[in-house]
$ cat structure-v5.pdb   # PDB, C-alpha atoms
MODEL        1
ATOM      1  CA  MET A1500       0.000   0.000   0.000
ATOM      2  CA  ILE A1501       2.880   2.378   0.754
ATOM      3  CA  LEU A1502       4.147   1.838  -2.794
ATOM      4  CA  TRP A1503       0.796   2.863  -4.263
ATOM      5  CA  VAL A1504       0.674   5.993  -2.094
ATOM      6  CA  GLY A1505       4.153   6.898  -3.297
ATOM      7  CA  MET A1506       3.150   6.424  -6.924
ATOM      8  CA  ALA A1507       0.104   8.630  -6.385
ATOM      9  CA  ALA A1508       2.401  11.315  -4.982
ATOM     10  CA  LEU A1509       4.608  11.025  -8.076
ATOM     11  CA  LEU A1510       1.543  11.503 -10.286
ATOM     12  CA  LEU A1511       0.623  14.631  -8.349
ATOM     13  CA  ALA A1512       4.172  15.905  -8.832
ATOM     14  CA  ALA A1513       3.858  15.207 -12.564
ATOM     15  CA  LEU A1514       0.666  17.241 -12.677
ATOM     16  CA  ILE A1515       2.429  20.172 -11.010
ATOM     17  CA  PHE A1516       5.801  20.036 -12.745
ATOM     18  CA  ILE A1517       4.724  18.979 -16.246
ATOM     19  CA  VAL A1518       1.265  20.486 -16.789
ATOM     20  CA  TRP A1519       1.894  23.857 -15.118
ATOM     21  CA  PRO A1520       5.049  24.696 -17.157
ATOM     22  CA  LEU A1521       3.153  23.608 -20.266
ATOM     23  CA  TYR A1522       0.409  26.073 -19.371
ATOM     24  CA  ARG A1523       2.928  28.857 -18.777
ATOM     25  CA  SER A1524       4.750  28.243 -22.059
ATOM     26  CA  SER A1525       1.555  27.947 -24.112
ATOM     27  CA  GLY A1526       0.168  31.201 -22.752
ATOM     28  CA  GLY A1527      -3.228  29.733 -22.063
ATOM     29  CA  LEU A1528      -5.399  26.660 -21.841
ATOM     30  CA  THR A1529      -4.815  24.762 -25.103
ATOM     31  CA  PRO A1530      -5.902  21.358 -26.405
ATOM     32  CA  LEU A1531      -2.342  20.125 -25.847
ATOM     33  CA  LEU A1532      -2.503  21.184 -22.209
ATOM     34  CA  ALA A1533      -5.916  19.582 -21.807
ATOM     35  CA  GLY A1534      -4.514  16.366 -23.256
ATOM     36  CA  ALA A1535      -1.618  16.434 -20.783
ATOM     37  CA  ILE A1536      -4.008  16.855 -17.873
ATOM     38  CA  VAL A1537      -6.194  14.009 -19.100
ATOM     39  CA  VAL A1538      -3.208  11.663 -19.549
ATOM     40  CA  VAL A1539      -1.905  12.265 -16.022
ATOM     41  CA  VAL A1540      -5.338  11.984 -14.452
ATOM     42  CA  SER A1541      -6.178   8.918 -16.549
ATOM     43  CA  ILE A1542      -3.081   7.124 -15.285
ATOM     44  CA  SER A1543      -4.017   7.863 -11.695
ATOM     45  CA  ALA A1544      -7.602   6.731 -12.358
ATOM     46  CA  ALA A1545      -6.440   3.449 -13.849
ATOM     47  CA  MET A1546      -4.160   2.845 -10.875
ATOM     48  CA  TYR A1547      -6.964   3.670  -8.465
ATOM     49  CA  HIS A1548      -9.362   1.257 -10.086
ATOM     50  CA  HIS A1549      -6.718  -1.450 -10.143
ATOM     51  CA  THR A1550      -5.781  -1.084  -6.486
ATOM     52  CA  GLY A1551      -9.454  -1.024  -5.579
ATOM     53  CA  GLU A1552     -10.029  -4.440  -7.123
ATOM     54  CA  PRO A1553     -10.508  -7.286  -4.617
ATOM     55  CA  GLY A1554      -7.797  -9.877  -4.761
ATOM     56  CA  VAL A1555      -5.008  -7.621  -6.007
ATOM     57  CA  PRO A1556      -2.009  -8.270  -3.737
ATOM     58  CA  SER A1557      -0.077  -5.486  -2.021
ATOM     59  CA  GLY A1558       3.396  -5.337  -0.577
ATOM     60  CA  ALA A1559       6.944  -5.407  -1.899
ATOM     61  CA  GLY A1560       7.595  -7.789  -4.763
ATOM     62  CA  THR A1561       3.923  -8.548  -5.440
ATOM     63  CA  VAL A1562       2.870  -5.663  -7.712
ATOM     64  CA  PRO A1563       2.332  -6.834 -11.318
ATOM     65  CA  ASN A1564       3.434  -4.646 -14.217
ATOM     66  CA  ALA A1565       0.934  -2.875 -16.454
ATOM     67  CA  ASP A1566       1.042  -5.483 -19.219
ATOM     68  CA  GLU A1567       0.330  -8.272 -16.727
ATOM     69  CA  MET A1568      -2.569  -6.302 -15.245
ATOM     70  CA  VAL A1569      -4.116  -5.690 -18.659
ATOM     71  CA  GLY A1570      -3.516  -9.277 -19.773
ATOM     72  CA  SER A1571      -5.227 -10.611 -16.660
ATOM     73  CA  LEU A1572      -8.189  -8.332 -17.240
ATOM     74  CA  GLU A1573      -8.452  -9.314 -20.889
ATOM     75  CA  GLN A1574      -8.589 -12.991 -19.912
ATOM     76  CA  ARG A1575     -11.248 -12.313 -17.305
ATOM     77  CA  LEU A1576     -13.431 -10.491 -19.844
ATOM     78  CA  GLN A1577     -13.259 -13.445 -22.246
ATOM     79  CA  SER A1578     -15.222 -15.441 -19.711
ATOM     80  CA  GLN A1579     -17.240 -12.440 -18.430
ATOM     81  CA  PRO A1580     -18.142 -10.478 -21.588
ATOM     82  CA  ASP A1581     -21.055  -8.735 -19.830
ATOM     83  CA  ASN A1582     -18.853  -7.271 -17.086
ATOM     84  CA  ILE A1583     -19.377  -3.537 -17.628
ATOM     85  CA  ASP A1584     -16.952  -2.485 -14.885
ATOM     86  CA  GLY A1585     -14.306  -4.737 -16.422
ATOM     87  CA  TRP A1586     -14.651  -3.118 -19.852
ATOM     88  CA  LEU A1587     -14.510   0.336 -18.279
ATOM     89  CA  MET A1588     -11.352  -0.562 -16.388
ATOM     90  CA  LEU A1589      -9.793  -2.037 -19.520
ATOM     91  CA  GLY A1590     -10.658   1.116 -21.469
ATOM     92  CA  ARG A1591      -9.010   3.325 -18.844
ATOM     93  CA  SER A1592      -5.970   1.073 -18.693
ATOM     94  CA  TYR A1593      -5.487   1.142 -22.479
ATOM     95  CA  GLN A1594      -6.001   4.917 -22.381
ATOM     96  CA  ALA A1595      -3.275   5.345 -19.755
ATOM     97  CA  MET A1596      -0.943   3.245 -21.940
ATOM     98  CA  GLN A1597      -1.907   5.350 -24.999
ATOM     99  CA  ARG A1598      -3.265   2.292 -26.794
ATOM    100  CA  PHE A1599      -6.111   4.395 -28.062
ATOM    101  CA  ASP A1600      -7.706   2.082 -30.638
ATOM    102  CA  GLU A1601      -8.010  -0.674 -28.043
ATOM    103  CA  SER A1602      -9.306   1.827 -25.489
ATOM    104  CA  VAL A1603     -12.012   2.948 -27.929
ATOM    105  CA  ALA A1604     -13.059  -0.661 -28.533
ATOM    106  CA  ALA A1605     -13.277  -1.359 -24.780
ATOM    107  CA  PHE A1606     -15.402   1.713 -24.085
ATOM    108  CA  GLU A1607     -17.639   0.837 -27.050
ATOM    109  CA  LYS A1608     -18.273  -2.571 -25.444
ATOM    110  CA  ALA A1609     -19.296  -0.865 -22.190
ATOM    111  CA  ILE A1610     -21.551   1.617 -24.018
ATOM    112  CA  ALA A1611     -23.292  -1.228 -25.867
ATOM    113  CA  LEU A1612     -23.924  -3.043 -22.564
ATOM    114  CA  GLU A1613     -25.314   0.175 -21.054
ATOM    115  CA  ASP A1614     -27.484   0.926 -24.121
ATOM    116  CA  GLY A1615     -25.707   4.280 -24.426
ATOM    117  CA  LYS A1616     -27.406   5.633 -21.309
ATOM    118  CA  ASN A1617     -24.399   6.218 -19.047
ATOM    119  CA  ALA A1618     -23.151   9.789 -19.427
ATOM    120  CA  GLN A1619     -19.762   9.114 -17.857
ATOM    121  CA  THR A1620     -18.968   6.268 -20.260
ATOM    122  CA  LEU A1621     -19.959   8.385 -23.259
ATOM    123  CA  VAL A1622     -17.686  11.220 -22.199
ATOM    124  CA  SER A1623     -14.875   8.771 -21.422
ATOM    125  CA  LEU A1624     -14.981   7.500 -25.001
ATOM    126  CA  ALA A1625     -15.077  11.088 -26.286
ATOM    127  CA  VAL A1626     -11.954  11.967 -24.289
ATOM    128  CA  VAL A1627     -10.063   8.971 -25.690
ATOM    129  CA  LEU A1628     -11.013  10.018 -29.225
ATOM    130  CA  ILE A1629      -9.808  13.545 -28.483
ATOM    131  CA  GLU A1630      -6.502  12.254 -27.101
ATOM    132  CA  SER A1631      -6.024  10.022 -30.135
ATOM    133  CA  GLU A1632      -6.433  13.093 -32.379
ATOM    134  CA  GLY A1633      -3.845  15.119 -30.452
ATOM    135  CA  GLY A1634      -6.417  17.351 -28.775
ATOM    136  CA  VAL A1635      -8.696  17.909 -31.778
ATOM    137  CA  VAL A1636     -12.386  17.304 -31.069
ATOM    138  CA  ASN A1637     -13.635  15.433 -34.134
ATOM    139  CA  ALA A1638     -17.231  14.967 -35.244
ATOM    140  CA  ARG A1639     -17.728  11.673 -33.429
ATOM    141  CA  ALA A1640     -16.341  13.039 -30.158
ATOM    142  CA  THR A1641     -18.581  16.099 -30.526
ATOM    143  CA  GLY A1642     -21.627  13.864 -30.925
ATOM    144  CA  LEU A1643     -20.688  11.867 -27.839
ATOM    145  CA  LEU A1644     -20.251  15.059 -25.820
ATOM    146  CA  GLU A1645     -23.654  16.362 -26.905
ATOM    147  CA  ASN A1646     -25.264  13.025 -25.992
ATOM    148  CA  THR A1647     -23.549  13.206 -22.606
ATOM    149  CA  LEU A1648     -24.963  16.677 -21.947
ATOM    150  CA  ALA A1649     -28.436  15.513 -23.005
ATOM    151  CA  ILE A1650     -28.258  12.895 -20.236
ATOM    152  CA  GLU A1651     -26.267  14.902 -17.687
ATOM    153  CA  PRO A1652     -26.286  18.656 -18.473
ATOM    154  CA  ASN A1653     -23.741  19.517 -15.754
ATOM    155  CA  ASN A1654     -21.124  16.888 -16.609
ATOM    156  CA  PRO A1655     -17.831  18.810 -16.128
ATOM    157  CA  ASN A1656     -15.791  16.869 -18.697
ATOM    158  CA  ALA A1657     -18.498  17.202 -21.340
ATOM    159  CA  LEU A1658     -18.847  20.943 -20.691
ATOM    160  CA  PHE A1659     -15.081  21.393 -20.824
ATOM    161  CA  TYR A1660     -14.486  19.534 -24.086
ATOM    162  CA  SER A1661     -17.685  20.648 -25.792
ATOM    163  CA  GLY A1662     -16.525  24.218 -25.133
ATOM    164  CA  PHE A1663     -13.273  23.364 -26.904
ATOM    165  CA  SER A1664     -15.216  21.757 -29.724
ATOM    166  CA  ALA A1665     -17.403  24.826 -30.200
ATOM    167  CA  ALA A1666     -14.352  27.123 -30.172
ATOM    168  CA  GLN A1667     -12.622  24.970 -32.776
ATOM    169  CA  ARG A1668     -15.717  25.253 -34.993
ATOM    170  CA  GLY A1669     -15.686  29.035 -34.539
ATOM    171  CA  ASP A1670     -18.833  29.078 -32.384
ATOM    172  CA  LYS A1671     -17.402  31.260 -29.628
ATOM    173  CA  SER A1672     -20.809  32.065 -28.157
ATOM    174  CA  LEU A1673     -21.584  28.388 -27.497
ATOM    175  CA  ALA A1674     -18.047  27.837 -26.211
ATOM    176  CA  ALA A1675     -18.507  30.652 -23.696
ATOM    177  CA  ASP A1676     -21.939  29.326 -22.688
ATOM    178  CA  ARG A1677     -20.517  25.876 -21.954
ATOM    179  CA  TRP A1678     -17.576  27.188 -19.944
ATOM    180  CA  GLU A1679     -19.811  29.583 -18.022
ATOM    181  CA  MET A1680     -21.808  26.542 -16.918
ATOM    182  CA  LEU A1681     -18.548  24.835 -15.972
ATOM    183  CA  LEU A1682     -17.499  27.938 -14.047
ATOM    184  CA  GLY A1683     -20.617  27.593 -11.916
ATOM    185  CA  LEU A1684     -19.696  24.078 -10.750
ATOM    186  CA  ASN A1685     -17.401  25.233  -7.917
ATOM    187  CA  ALA A1686     -14.081  24.714  -9.689
ATOM    188  CA  PRO A1687     -10.940  25.658  -7.708
ATOM    189  CA  PRO A1688     -10.136  29.401  -7.838
ATOM    190  CA  GLU A1689      -7.107  28.879 -10.099
ATOM    191  CA  ILE A1690      -9.202  26.988 -12.639
ATOM    192  CA  GLN A1691     -11.962  29.598 -12.392
ATOM    193  CA  GLU A1692      -9.487  32.287 -13.429
ATOM    194  CA  LEU A1693      -8.367  30.297 -16.479
ATOM    195  CA  LEU A1694     -11.950  29.607 -17.512
ATOM    196  CA  GLN A1695     -12.974  33.242 -17.067
ATOM    197  CA  GLN A1696     -10.045  34.437 -19.184
ATOM    198  CA  LYS A1697     -11.160  32.273 -22.116
ATOM    199  CA  ILE A1698     -14.827  33.186 -21.617
ATOM    200  CA  ASN A1699     -13.945  36.879 -21.730
ATOM    201  CA  GLU A1700     -11.850  36.298 -24.836
ATOM    202  CA  TRP A1701     -14.697  34.490 -26.585
ATOM    203  CA  ARG A1702     -17.201  37.157 -25.493
ATOM    204  CA  GLY A1703     -14.886  39.958 -26.616
ATOM    205  CA  LEU A1704     -14.678  41.315 -23.051
ATOM    206  CA  PRO A1705     -11.578  42.719 -21.319
ATOM    207  CA  ASN A1706      -9.897  40.501 -18.752
ATOM    208  CA  GLN A1707      -9.767  41.910 -15.243
ATOM    209  CA  PRO A1708      -7.159  41.064 -12.624
ATOM    210  CA  ALA A1709      -8.523  38.780  -9.906
ATOM    211  CA  ALA A1710      -8.001  41.464  -7.265
ATOM    212  CA  LEU A1711     -10.161  43.919  -9.216
ATOM    213  CA  SER A1712     -12.881  41.304  -9.627
ATOM    214  CA  GLU A1713     -12.984  40.803  -5.873
ATOM    215  CA  LYS A1714     -13.360  44.540  -5.292
ATOM    216  CA  LEU A1715     -16.360  44.566  -7.625
ATOM    217  CA  SER A1716     -18.169  41.751  -5.823
ATOM    218  CA  SER A1717     -21.631  42.969  -4.886
ATOM    219  CA  THR A1718     -24.307  42.150  -2.361
ATOM    220  CA  VAL A1719     -27.557  44.042  -2.099
ATOM    221  CA  ASP A1720     -29.798  43.800   0.978
ATOM    222  CA  VAL A1721     -33.484  44.101   0.162
ATOM    223  CA  SER A1722     -36.118  44.665   2.844
ATOM    224  CA  VAL A1723     -39.278  43.065   1.426
ATOM    225  CA  SER A1724     -42.662  43.781   2.951
ATOM    226  CA  LEU A1725     -46.324  43.415   2.012
ATOM    227  CA  SER A1726     -49.064  46.030   1.762
ATOM    228  CA  ALA A1727     -52.246  45.524   3.776
ATOM    229  CA  ASP A1728     -54.307  44.913   0.622
ATOM    230  CA  ALA A1729     -51.889  42.279  -0.626
ATOM    231  CA  ALA A1730     -51.758  40.574   2.785
ATOM    232  CA  ALA A1731     -55.554  40.340   2.873
ATOM    233  CA  ASP A1732     -55.733  38.868  -0.641
ATOM    234  CA  LEU A1733     -52.950  36.275  -0.577
ATOM    235  CA  PRO A1734     -52.687  32.827   1.054
ATOM    236  CA  GLY A1735     -49.939  32.481   3.666
ATOM    237  CA  ASN A1736     -48.235  29.609   1.839
ATOM    238  CA  ALA A1737     -47.708  31.544  -1.401
ATOM    239  CA  THR A1738     -44.211  31.753  -2.885
ATOM    240  CA  VAL A1739     -42.195  34.980  -2.949
ATOM    241  CA  PHE A1740     -39.553  35.566  -5.623
ATOM    242  CA  LEU A1741     -36.975  38.334  -5.339
ATOM    243  CA  ILE A1742     -35.569  38.959  -8.803
ATOM    244  CA  ALA A1743     -32.719  41.176  -9.995
ATOM    245  CA  ARG A1744     -32.860  41.837 -13.725
ATOM    246  CA  ASP A1745     -31.306  44.018 -16.382
ATOM    247  CA  PRO A1746     -33.912  46.605 -17.468
ATOM    248  CA  ALA A1747     -32.536  46.428 -21.010
ATOM    249  CA  GLN A1748     -32.692  42.594 -21.087
ATOM    250  CA  PRO A1749     -35.117  41.367 -18.411
ATOM    251  CA  SER A1750     -34.823  37.688 -19.368
ATOM    252  CA  PRO A1751     -33.108  35.702 -18.077
ATOM    253  CA  PRO A1752     -32.890  37.348 -14.642
ATOM    254  CA  ILE A1753     -29.463  38.189 -13.226
ATOM    255  CA  ALA A1754     -30.169  36.697  -9.785
ATOM    256  CA  VAL A1755     -33.114  35.120  -7.988
ATOM    257  CA  ALA A1756     -33.966  34.245  -4.381
ATOM    258  CA  ARG A1757     -37.050  32.357  -3.208
ATOM    259  CA  ARG A1758     -38.973  32.625   0.074
ATOM    260  CA  THR A1759     -42.497  31.961   1.405
ATOM    261  CA  LEU A1760     -45.068  34.648   2.178
ATOM    262  CA  SER A1761     -45.184  33.667   5.846
ATOM    263  CA  GLU A1762     -41.556  34.836   6.215
ATOM    264  CA  LEU A1763     -42.393  38.449   5.321
ATOM    265  CA  PRO A1764     -41.353  41.061   6.270
ATOM    266  CA  ILE A1765     -37.785  39.901   5.670
ATOM    267  CA  VAL A1766     -34.386  41.198   4.565
ATOM    268  CA  ILE A1767     -33.029  39.147   1.656
ATOM    269  CA  SER A1768     -29.400  39.430   0.537
ATOM    270  CA  LEU A1769     -28.795  38.948  -3.179
ATOM    271  CA  SER A1770     -25.248  38.367  -4.421
ATOM    272  CA  ASP A1771     -23.250  36.706  -7.199
ATOM    273  CA  ARG A1772     -23.999  33.360  -5.536
ATOM    274  CA  ASP A1773     -27.643  33.779  -6.612
ATOM    275  CA  ALA A1774     -26.762  34.195 -10.297
ATOM    276  CA  MET A1775     -29.145  32.478 -12.696
ATOM    277  CA  VAL A1776     -26.482  32.057 -15.404
ATOM    278  CA  PRO A1777     -22.952  31.182 -14.241
ATOM    279  CA  GLY A1778     -20.578  34.043 -15.054
ATOM    280  CA  ARG A1779     -23.405  36.607 -15.466
ATOM    281  CA  ASN A1780     -23.003  38.129 -12.034
ATOM    282  CA  LEU A1781     -24.806  40.871 -10.151
ATOM    283  CA  SER A1782     -21.457  42.590  -9.557
ATOM    284  CA  ALA A1783     -21.114  43.232 -13.302
ATOM    285  CA  PHE A1784     -24.112  45.607 -13.377
ATOM    286  CA  ALA A1785     -23.960  49.260 -12.354
ATOM    287  CA  GLU A1786     -27.763  49.391 -12.272
ATOM    288  CA  PHE A1787     -30.476  46.754 -12.124
ATOM    289  CA  GLU A1788     -34.166  46.413 -11.365
ATOM    290  CA  LEU A1789     -35.324  44.593  -8.248
ATOM    291  CA  VAL A1790     -38.735  42.909  -8.395
ATOM    292  CA  ALA A1791     -40.453  41.131  -5.511
ATOM    293  CA  ARG A1792     -43.341  38.973  -6.712
ATOM    294  CA  VAL A1793     -45.796  36.838  -4.748
ATOM    295  CA  SER A1794     -46.815  33.904  -6.922
ATOM    296  CA  ARG A1795     -50.035  32.014  -6.272
ATOM    297  CA  SER A1796     -48.943  29.216  -8.624
ATOM    298  CA  GLY A1797     -45.391  28.889  -7.302
ATOM    299  CA  GLN A1798     -44.009  29.843 -10.733
ATOM    300  CA  PRO A1799     -41.712  32.872 -11.188
ATOM    301  CA  ILE A1800     -43.532  34.149 -14.295
ATOM    302  CA  ALA A1801     -46.221  36.699 -13.450
ATOM    303  CA  GLN A1802     -49.807  35.517 -13.663
ATOM    304  CA  THR A1803     -53.168  37.173 -13.035
ATOM    305  CA  GLY A1804     -53.776  37.499  -9.300
ATOM    306  CA  ASP A1805     -50.101  37.738  -8.317
ATOM    307  CA  TRP A1806     -48.803  40.772  -6.423
ATOM    308  CA  TYR A1807     -45.489  42.559  -6.937
ATOM    309  CA  GLY A1808     -43.339  45.577  -6.196
ATOM    310  CA  ALA A1809     -40.382  46.914  -8.186
ATOM    311  CA  VAL A1810     -37.587  49.446  -7.840
ATOM    312  CA  LEU A1811     -34.555  50.491  -9.897
ATOM    313  CA  HIS A1812     -31.330  50.148  -7.895
ATOM    314  CA  ASP A1813     -27.979  51.900  -8.303
ATOM    315  CA  ALA A1814     -25.289  49.331  -7.406
ATOM    316  CA  SER A1815     -23.022  52.053  -5.995
ATOM    317  CA  ASP A1816     -25.585  52.727  -3.248
ATOM    318  CA  ALA A1817     -24.683  50.503  -0.285
ATOM    319  CA  ALA A1818     -27.865  51.259   1.665
ATOM    320  CA  ALA A1819     -30.509  48.581   2.081
ATOM    321  CA  VAL A1820     -33.308  48.703  -0.485
ATOM    322  CA  ARG A1821     -36.915  48.933   0.713
ATOM    323  CA  LEU A1822     -39.340  47.079  -1.523
ATOM    324  CA  LEU A1823     -43.091  47.051  -0.886
ATOM    325  CA  ILE A1824     -45.292  44.482  -2.631
ATOM    326  CA  ASP A1825     -48.409  46.553  -3.348
ATOM    327  CA  THR A1826     -49.479  46.076  -6.981
ATOM    328  CA  LYS A1827     -51.768  43.319  -8.233
ATOM    329  CA  VAL A1828     -51.284  41.693 -11.632
ATOM    330  CA  SER A1829     -54.519  42.083 -13.544
ATOM    331  CA  GLY A1830     -55.681  40.174 -16.603
ATOM    332  CA  GLU A1831     -55.427  41.767 -20.012
TER
ENDMDL
END
$ encode --input "structure-v5.pdb" --output "structure tokens"
Amino acid sequence: MILWVGMAALLLAALIFIVWPLYRSSGGLTPLLAGAIVVVVSISAAMYHHTGEPGVPSGAGTVPNADEMVGSLEQRLQSQPDNIDGWLMLGRSYQAMQRFDESVAAFEKAIALEDGKNAQTLVSLAVVLIESEGGVVNARATGLLENTLAIEPNNPNALFYSGFSAAQRGDKSLAADRWEMLLGLNAPPEIQELLQQKINEWRGLPNQPAALSEKLSSTVDVSVSLSADAAADLPGNATVFLIARDPAQPSPPIAVARRTLSELPIVISLSDRDAMVPGRNLSAFAEFELVARVSRSGQPIAQTGDWYGAVLHDASDAAAVRLLIDTKVSGE
């Protein structure tokens, strides 16, 4: 076991000392860099899955080499052709050894057994195809990535590589959309900065230093209350939506918070954490409209019989905003 821990440490060192200099020399996040990351991580994944297998011996002098491991697995799958986990492990092992054609075949076996319904297996095959093409996302890999996102819209690998694919096709808007979604999945701060740089580039926006971004972070405190007429007309279990939106482009909203009517009056804090679209933050707007709406149906879109209040807010004003819900939505 100590040997495996040591090898894992070496892989971490490889990630730091090989991938980081590659990033520095390339001047950004490139397909080559992505391929390097995938190779290092794939090796560690293959080792993890091997060590996690029951019956694999540990201790000095008992660790088989990679060829023996793969050979043993190949023999096992001859007698257990329906072993999905075995095909997945074989695919990862071939991938780590850069035997890409065999890795593709192994993942295809797993996908057939899963009827193409496992998002992670689909994206695993796509990544192998991308590696085999030297970082280029070909048509088949693109299709696999899109199928992955249809099953699992927030799959990080699919978002990452489909963003690359879109950029390679010249569709910078879609590339930025995909990486904005990825940005919202709580990536480490260092990765967030890299993603944001490319998103800004694709959107044609200037890049800001991280320190400046932090200074621009915004929170607005909104004191929401209900008029007497509204209180008399509405059921206590109705839903309250507090919405920040761009007056010039009301949909989609910038940020949204949800409460129940029984909680009013209440002070609600809206911030970048409440963003509806990752990367489209409240702190990026100098002015926005705040709308508090009580929904009888529980849906955020206004319907006849709902009540609301609205106010235009200057983001430079640090004072709490007072918002009274006093207007009823009437039918046309």
$ residues_around --input "structure-v5.pdb" --residues "range 1748-1765 of chain A" --least-positions-apart "6" --cutoff "8 Å" --atoms "only C-alpha atoms" --output "number ranges by chain"
A: 1722-1725, 1734-1742, 1771, 1773-1776, 1779-1781, 1793
$ axis_aligned_box --input "structure-v5.pdb" --around "range 1749-1763 of chain A" --padding-each-side "8 Å" --output "JSON"
{"center_x": -37.3, "center_y": 36.7, "center_z": -6.6, "size_x": 31.7, "size_y": 25.4, "size_z": 41.6}
$ atom_distance --input "structure-v5.pdb" --atom1 "CA of Asp1720 in chain A" --atom2 "CA of Ala1818 in chain A"
7.7 Å
$ atom_distance --input "structure-v5.pdb" --atom1 "CA of Val1766 in chain A" --atom2 "CA of Pro1746 in chain A"
22.7 Å
$ resolve_selection --input "structure-v5.pdb" --expression "the PyMOL selection byres ((chain A and resi 1616-1626) around 7)" --output "VMD selection string"
chain A and resid 1603 1606 1610 1613 to 1615 1627 to 1630 1640 1643 to 1644 1647 1650 to 1651 1656 to 1657
$ resolve_selection --input "structure-v5.pdb" --expression "the PyMOL selection byres ((chain A and resi 1569) around 12)" --output "VMD selection string"
chain A and resid 1545 to 1546 1549 1563 to 1568 1570 to 1576 1585 to 1586 1588 to 1596 1598 1601 to 1602 1605
$ atom_distance --input "structure-v5.pdb" --atom1 "CA of Ala1731 in chain A" --atom2 "CA of Arg1795 in chain A"
13.5 Å
$ resolve_selection --input "structure-v5.pdb" --expression "the PyMOL selection byres ((chain A and resi 1583) around 8)" --output "ChimeraX atom specification"
/A:1581-1582,1584-1587,1608-1609,1612-1613
